[in-house]
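Below: my_file_36.txt (compact mmCIF, C-alpha atoms)
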# COMPACT_ATOMS: atom_id res chain seq x y z
CA MET A 27 -41.56 -115.68 10.64
CA THR A 28 -39.00 -114.12 8.33
CA PRO A 29 -38.56 -110.48 9.39
CA LEU A 30 -39.01 -107.57 7.00
CA VAL A 31 -35.95 -105.34 7.43
CA GLY A 32 -36.26 -101.73 6.30
CA ILE A 33 -33.08 -100.16 4.90
CA ASN A 34 -32.94 -96.43 4.21
CA MET A 35 -31.50 -95.31 0.88
CA ASP A 36 -28.80 -92.88 -0.19
CA TYR A 37 -28.68 -90.13 -2.82
CA ALA A 38 -26.96 -91.14 -6.06
CA HIS A 39 -24.96 -88.05 -7.02
CA ARG A 40 -25.47 -87.18 -10.70
CA PRO A 41 -23.86 -84.35 -12.72
CA SER A 42 -27.27 -83.36 -14.08
CA GLY A 43 -28.58 -82.66 -10.58
CA GLU A 44 -31.37 -85.17 -11.10
CA LYS A 45 -32.09 -86.99 -7.85
CA ARG A 46 -31.91 -90.74 -7.84
CA LEU A 47 -31.68 -93.05 -4.87
CA ALA A 48 -29.18 -95.86 -4.44
CA LEU A 49 -27.95 -98.43 -1.94
CA ASN A 50 -24.77 -100.49 -1.76
CA LEU A 51 -25.66 -104.11 -2.48
CA CYS A 52 -23.62 -105.33 0.49
CA TYR A 53 -26.33 -104.09 2.91
CA ILE A 54 -28.92 -106.20 1.12
CA ARG A 55 -26.72 -109.30 1.04
CA ALA A 56 -25.86 -108.98 4.74
CA VAL A 57 -29.55 -108.83 5.70
CA GLU A 58 -30.43 -111.75 3.41
CA ALA A 59 -27.61 -113.88 4.83
CA ALA A 60 -28.88 -113.16 8.35
CA GLY A 61 -32.36 -114.43 7.48
CA GLY A 62 -34.17 -111.15 6.81
CA ILE A 63 -36.03 -109.81 3.79
CA PRO A 64 -34.64 -106.38 2.80
CA VAL A 65 -37.21 -103.66 2.18
CA LEU A 66 -35.69 -100.53 0.62
CA LEU A 67 -37.03 -97.26 2.01
CA PRO A 68 -37.12 -94.25 -0.33
CA TRP A 69 -37.39 -90.75 1.14
CA LEU A 70 -41.04 -90.83 2.16
CA GLN A 71 -43.21 -88.06 3.50
CA PRO A 72 -44.02 -88.44 7.23
CA ARG A 73 -47.65 -89.44 6.57
CA THR A 74 -46.50 -92.18 4.16
CA LEU A 75 -43.77 -93.38 6.52
CA ALA A 76 -46.33 -93.60 9.32
CA LYS A 77 -48.34 -96.06 7.21
CA LEU A 78 -45.35 -98.19 6.22
CA LEU A 79 -43.37 -98.42 9.45
CA PRO A 80 -45.85 -100.70 11.30
CA LYS A 81 -45.37 -103.29 8.54
CA LEU A 82 -41.60 -103.52 9.20
CA ASP A 83 -40.03 -105.83 11.78
CA ARG A 84 -36.48 -104.46 11.84
CA LEU A 85 -34.47 -101.47 10.61
CA VAL A 86 -30.94 -100.87 9.29
CA LEU A 87 -29.68 -97.27 9.11
CA VAL A 88 -26.92 -97.02 6.51
CA GLY A 89 -23.88 -94.79 6.07
CA SER A 90 -24.18 -91.25 4.80
CA ASP A 91 -22.56 -87.92 4.11
CA ASP A 92 -22.23 -85.44 6.99
CA LEU A 93 -25.18 -84.09 8.92
CA ASP A 94 -25.61 -80.32 9.07
CA PRO A 95 -23.82 -79.25 12.31
CA ALA A 96 -26.61 -76.74 12.92
CA LEU A 97 -28.70 -79.73 14.02
CA TYR A 98 -26.54 -80.03 17.13
CA GLY A 99 -25.90 -76.32 17.65
CA GLN A 100 -22.48 -75.95 16.03
CA LYS A 101 -20.99 -73.94 13.20
CA ARG A 102 -19.76 -75.94 10.24
CA ARG A 103 -16.02 -76.59 10.25
CA PRO A 104 -14.13 -76.05 6.94
CA GLU A 105 -13.33 -79.78 6.74
CA VAL A 106 -17.05 -80.59 6.47
CA THR A 107 -17.38 -80.33 2.69
CA LEU A 108 -20.08 -82.84 1.76
CA LEU A 109 -23.36 -82.46 3.61
CA LEU A 110 -26.16 -84.98 3.60
CA ASP A 111 -28.90 -84.14 1.11
CA PRO A 112 -31.54 -82.11 3.04
CA GLU A 113 -34.36 -84.41 1.95
CA ARG A 114 -32.53 -87.49 3.15
CA GLN A 115 -31.52 -85.74 6.36
CA ALA A 116 -35.14 -84.87 7.16
CA PHE A 117 -36.31 -88.39 6.29
CA ASP A 118 -33.61 -90.13 8.33
CA LEU A 119 -34.34 -88.02 11.42
CA GLU A 120 -38.07 -88.72 11.09
CA LEU A 121 -37.36 -92.41 10.59
CA VAL A 122 -35.21 -92.63 13.73
CA ALA A 123 -37.79 -90.76 15.83
CA ARG A 124 -40.64 -93.01 14.75
CA ALA A 125 -38.59 -96.22 15.00
CA TRP A 126 -37.47 -95.31 18.53
CA LYS A 127 -41.05 -94.60 19.59
CA ARG A 128 -42.19 -97.97 18.24
CA GLY A 129 -39.28 -99.86 19.82
CA LEU A 130 -38.31 -101.14 16.37
CA PRO A 131 -35.12 -103.25 16.54
CA THR A 132 -32.46 -101.14 14.81
CA LEU A 133 -28.85 -101.52 13.67
CA ALA A 134 -27.28 -98.15 12.81
CA ILE A 135 -24.08 -98.22 10.75
CA CYS A 136 -21.44 -95.46 10.42
CA GLY A 137 -23.39 -92.35 9.32
CA GLY A 138 -26.52 -94.12 10.56
CA CYS A 139 -24.94 -94.30 14.02
CA GLN A 140 -24.31 -90.56 13.84
CA VAL A 141 -27.89 -89.85 12.73
CA LEU A 142 -29.18 -91.94 15.62
CA ASN A 143 -27.10 -89.97 18.12
CA VAL A 144 -28.07 -86.56 16.74
CA ALA A 145 -31.75 -87.52 16.51
CA ARG A 146 -31.60 -88.20 20.25
CA GLY A 147 -30.11 -84.77 20.97
CA GLY A 148 -26.43 -85.69 20.86
CA SER A 149 -23.57 -84.05 18.97
CA LEU A 150 -20.70 -85.12 16.72
CA ILE A 151 -16.98 -84.63 16.40
CA GLN A 152 -17.03 -82.86 13.05
CA HIS A 153 -13.49 -83.77 11.94
CA ILE A 154 -11.54 -86.32 13.96
CA PRO A 155 -8.00 -85.38 12.75
CA ALA A 156 -8.50 -81.77 13.85
CA GLN A 157 -10.37 -82.40 17.09
CA VAL A 158 -8.92 -85.60 18.60
CA PRO A 159 -5.30 -85.35 19.78
CA GLY A 160 -3.27 -88.34 18.59
CA ALA A 161 -6.13 -89.60 16.46
CA LEU A 162 -5.81 -92.79 14.46
CA GLU A 163 -6.45 -92.74 10.72
CA HIS A 164 -10.20 -93.35 10.51
CA ALA A 165 -11.23 -92.17 7.05
CA LYS A 166 -9.30 -94.19 4.50
CA GLY A 167 -11.51 -97.24 4.06
CA ARG A 168 -8.69 -99.76 3.69
CA ILE A 169 -7.53 -98.97 7.22
CA TRP A 170 -8.30 -101.52 9.94
CA HIS A 171 -7.87 -100.90 13.66
CA ARG A 172 -8.81 -102.50 16.96
CA VAL A 173 -11.92 -101.51 18.86
CA ARG A 174 -12.36 -102.19 22.58
CA VAL A 175 -15.85 -103.36 23.55
CA GLU A 176 -17.29 -102.98 27.04
CA LYS A 177 -17.73 -106.30 28.80
CA GLY A 178 -21.32 -106.99 29.71
CA SER A 179 -22.72 -104.68 27.03
CA ARG A 180 -25.16 -106.00 24.45
CA LEU A 181 -22.56 -105.42 21.76
CA GLY A 182 -19.96 -107.35 23.74
CA ARG A 183 -22.32 -110.28 24.28
CA LEU A 184 -23.26 -110.43 20.61
CA LEU A 185 -19.65 -110.35 19.46
CA GLY A 186 -18.53 -112.75 22.16
CA ARG A 187 -15.34 -110.79 22.70
CA SER A 188 -13.95 -107.65 24.31
CA SER A 189 -12.17 -106.35 21.21
CA LEU A 190 -12.16 -106.84 17.46
CA SER A 191 -10.56 -105.48 14.32
CA THR A 192 -12.79 -103.10 12.37
CA ASN A 193 -12.70 -101.31 9.04
CA SER A 194 -12.82 -97.52 9.11
CA TYR A 195 -14.48 -95.14 6.63
CA HIS A 196 -15.36 -92.06 8.68
CA HIS A 197 -13.99 -88.64 9.61
CA GLN A 198 -16.76 -87.89 12.14
CA ALA A 199 -17.93 -89.69 15.28
CA VAL A 200 -20.22 -89.45 18.29
CA ASP A 201 -19.27 -86.72 20.75
CA ARG A 202 -21.96 -85.85 23.31
CA LEU A 203 -24.24 -88.85 23.69
CA GLY A 204 -27.92 -88.51 22.87
CA ARG A 205 -30.72 -89.28 25.31
CA GLY A 206 -30.93 -92.93 26.31
CA LEU A 207 -27.67 -93.90 24.59
CA GLN A 208 -24.51 -95.36 26.11
CA ALA A 209 -21.03 -95.63 24.62
CA VAL A 210 -19.91 -99.27 24.61
CA ALA A 211 -16.96 -99.40 22.18
CA TRP A 212 -13.90 -97.20 21.55
CA SER A 213 -10.82 -97.10 19.38
CA SER A 214 -7.46 -96.62 21.12
CA ASP A 215 -7.58 -92.84 20.58
CA GLY A 216 -10.82 -92.61 22.57
CA VAL A 217 -13.17 -92.18 19.59
CA VAL A 218 -16.58 -93.77 20.27
CA GLU A 219 -17.11 -96.74 17.95
CA GLY A 220 -20.28 -98.25 19.39
CA ILE A 221 -23.45 -97.04 21.14
CA GLU A 222 -26.55 -98.79 22.44
CA ASN A 223 -29.64 -98.54 24.60
CA PRO A 224 -29.76 -101.55 26.95
CA ASP A 225 -33.48 -101.02 27.65
CA HIS A 226 -34.49 -101.14 23.97
CA PRO A 227 -35.45 -104.49 22.35
CA TYR A 228 -32.42 -104.13 20.03
CA LEU A 229 -30.72 -100.80 19.40
CA LEU A 230 -27.08 -100.74 18.35
CA GLY A 231 -24.96 -98.19 16.52
CA VAL A 232 -21.47 -99.01 15.23
CA GLN A 233 -19.07 -96.64 13.54
CA TRP A 234 -17.53 -99.27 11.28
CA HIS A 235 -19.11 -101.12 8.32
CA PRO A 236 -19.99 -104.74 9.21
CA GLU A 237 -21.93 -105.10 5.95
CA ARG A 238 -18.63 -104.86 4.05
CA CYS A 239 -16.89 -107.69 5.91
CA TRP A 240 -19.48 -110.08 7.39
CA ASN A 241 -18.67 -112.77 4.84
CA GLU A 242 -14.93 -112.86 5.57
CA LYS A 243 -15.13 -112.03 9.30
CA PRO A 244 -18.07 -113.89 10.91
CA ALA A 245 -18.00 -111.82 14.13
CA HIS A 246 -19.31 -108.84 12.17
CA GLY A 247 -22.15 -110.89 10.74
CA ALA A 248 -23.36 -111.52 14.30
CA LEU A 249 -24.78 -107.99 14.36
CA PHE A 250 -27.11 -108.76 11.47
CA ARG A 251 -27.97 -112.24 12.72
CA ALA A 252 -28.93 -110.89 16.13
CA LEU A 253 -30.98 -108.12 14.55
CA CYS A 254 -32.99 -110.56 12.47
CA LYS A 255 -33.58 -112.89 15.44
CA SER A 256 -34.31 -110.21 18.06
When written as structure tokens, how does the structure in this file appear?
Amino acid sequence: MTPLVGINMDYAHRPSGEKRLALNLCYIRAVEAAGGIPVLLPWLQPRTLAKLLPKLDRLVLVGSDDLDPALYGQKRRPEVTLLLDPERQAFDLELVARAWKRGLPTLAICGGCQVLNVARGGSLIQHIPAQVPGALEHAKGRIWHRVRVEKGSRLGRLLGRSSLSTNSYHHQAVDRLGRGLQAVAWSSDGVVEGIENPDHPYLLGVQWHPERCWNEKPAHGALFRALCKS
């Protein structure tokens, strides 16, 4: 059976202040290429989400602006200038909590990886350049760097390798791990680049953007293929 893959949506910033939702097409194409049917998830109320979630077979959590540091008990650093829309933040946290409870196979990407960690009680590095000594450049999109993957981890088995080159679009990352999560990938400066729960049917979080490069670099497409076949 072809799986229905829920994908949460982002806020389309508009000068008028009118709220519209959007999603980069590359997420949709990556899911389609992996054999799934994308189902776009607007910011639903909990009672509506509770009715929809049982109809989904898989979930992709997409990138985002920064979570409010108050969620993990910290004051906001001055470098944190663009917070996630409060409505999306509330929806994403509710979505993660319900998906975890159902054991819904989930791939969390970049900001989605951070939401997953915070929803499980973890914390974030708010600004890597200021908080990680000797940090690599992580935020400039066109930057690529190597990531080391733990042998024997689910991520390592899916990729079929112990390291790979990844794109990098983030200035935050996982710090204290949330409940039930393990770090399984790191950049050379020690920043966590991958998390998982080995006891979950399929739960992976990666800090890079495989949806932007799966077509040119097949190893990244393995994450979507495994999700749709899990």
- One decimal, Å: what's the distance from atom CA of Val217 of chain A over to atom CA of Pro236 of chain A, could you say?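 These atoms are spaced 17.7 Å apart.
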- Nearest to Gly216 of chain A among A:His196, A:Arg238, A:Arg172, A:Lys127, with distances taken over only C-alpha atoms: which residue is it?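 Ranked by minimum distance to Gly216 of chain A, first place goes to A:Arg172.
Of note, atom CA of Val57 of chain A and atom CA of Leu121 of chain A are spaced 18.8 Å apart.
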- Task: Give me the residues within 10 Å of Pro155 of chain A as a list of chain:residue names, counting all atoms listed in the file and dropping any in the same chain fewer than 2 places off.
- Result: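 In the requested form, the answer reads A:Glu105, A:Ile151, A:Gln152, A:His153, A:Gln157, A:Val158, A:Pro159, A:Gly160, A:Ala161, A:Leu162, A:Glu163, A:His164, A:Ala165, A:His197, A:Gln198.
Here atom CA of Arg40 of chain A and atom CA of Leu85 of chain A stand 27.2 Å from one another.
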- Message: Which residues are close to Gly62 of chain A, i.e. within 9 Å by only C-alpha atoms, leaving aside same-chain residues fewer than 2 positions away? Reply as a list in words.
- Response: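 Non-adjacent residues within range: Thr28, Pro29, Leu30, Val31, Ala56, Val57, Glu58, Ala59, Ala60, Pro64, Arg84, Phe250, Arg251, Leu253, Cys254 and Lys255 of chain A.
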File of the preceding selection, C-alpha atoms, as a PDB file, in the coordinates of the input:
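Output saved as part10.pdb:
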ATOM      1  CA  THR A  28     -39.000-114.120   8.330  1.00  0.00           C
ATOM      2  CA  PRO A  29     -38.560-110.480   9.390  1.00  0.00           C
ATOM      3  CA  LEU A  30     -39.010-107.570   7.000  1.00  0.00           C
ATOM      4  CA  VAL A  31     -35.950-105.340   7.430  1.00  0.00           C
ATOM      5  CA  ALA A  56     -25.860-108.980   4.740  1.00  0.00           C
ATOM      6  CA  VAL A  57     -29.550-108.830   5.700  1.00  0.00           C
ATOM      7  CA  GLU A  58     -30.430-111.750   3.410  1.00  0.00           C
ATOM      8  CA  ALA A  59     -27.610-113.880   4.830  1.00  0.00           C
ATOM      9  CA  ALA A  60     -28.880-113.160   8.350  1.00  0.00           C
ATOM     10  CA  PRO A  64     -34.640-106.380   2.800  1.00  0.00           C
ATOM     11  CA  ARG A  84     -36.480-104.460  11.840  1.00  0.00           C
ATOM     12  CA  PHE A 250     -27.110-108.760  11.470  1.00  0.00           C
ATOM     13  CA  ARG A 251     -27.970-112.240  12.720  1.00  0.00           C
ATOM     14  CA  LEU A 253     -30.980-108.120  14.550  1.00  0.00           C
ATOM     15  CA  CYS A 254     -32.990-110.560  12.470  1.00  0.00           C
ATOM     16  CA  LYS A 255     -33.580-112.890  15.440  1.00  0.00           C
TER      17      LYS A 255
END
- Task: Please determine the residues with any atom at most 6 Å from (-13.8, -97.0, 11.0) (coordinates as given in the file, with all atoms listed in the file counting) and report them as a ChimeraX atom specification.
- Result: /A:164,193-196,233-234
Store the residues picked out above in a file with C-alpha atoms, as a PDB file, in the frame of the given file.
ATOM      1  CA  HIS A 164     -10.200 -93.350  10.510  1.00  0.00           C
ATOM      2  CA  ASN A 193     -12.700-101.310   9.040  1.00  0.00           C
ATOM      3  CA  SER A 194     -12.820 -97.520   9.110  1.00  0.00           C
ATOM      4  CA  TYR A 195     -14.480 -95.140   6.630  1.00  0.00           C
ATOM      5  CA  HIS A 196     -15.360 -92.060   8.680  1.00  0.00           C
ATOM      6  CA  GLN A 233     -19.070 -96.640  13.540  1.00  0.00           C
ATOM      7  CA  TRP A 234     -17.530 -99.270  11.280  1.00  0.00           C
TER       8      TRP A 234
END
- Task: Find, counting all atoms listed in the file, the residue in A:Ile169, A:Leu47, A:Ile63, A:Val200 that gets nearest to Met27 of chain A.
- Result: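 Result for the nearest residue to Met27 of chain A: A:Ile63.
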- Nearest residue to Cys239 of chain A from the set A:Lys81, A:His39, A:Arg103, A:Arg168 (distances using only C-alpha atoms):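 Smallest separation from Cys239 of chain A among the options: A:Arg168.
Using all atoms listed in the file, the protein and nucleic acid residues lying no more than 6 Å from segment 133-137 of chain A, apart from those fewer than 3 places from it along its own chain, are Val86, Leu87, Val88, Gly89, Ser90, Gln140, Leu230, Gly231, Val232, Gln233 and Trp234 of chain A.
In terms of minimum interatomic distance to Pro68 of chain A, A:Gly32 ranks closest within A:Gly147, A:Gly32, A:Pro80, A:Pro41, counting all atoms listed in the file.
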- For Leu108 of chain A, list every protein, DNA or RNA residue within 9 Å, evaluated using only C-alpha atoms, and leave out those in the same chain fewer than 3 positions away; present the list as a count of residues only. 5
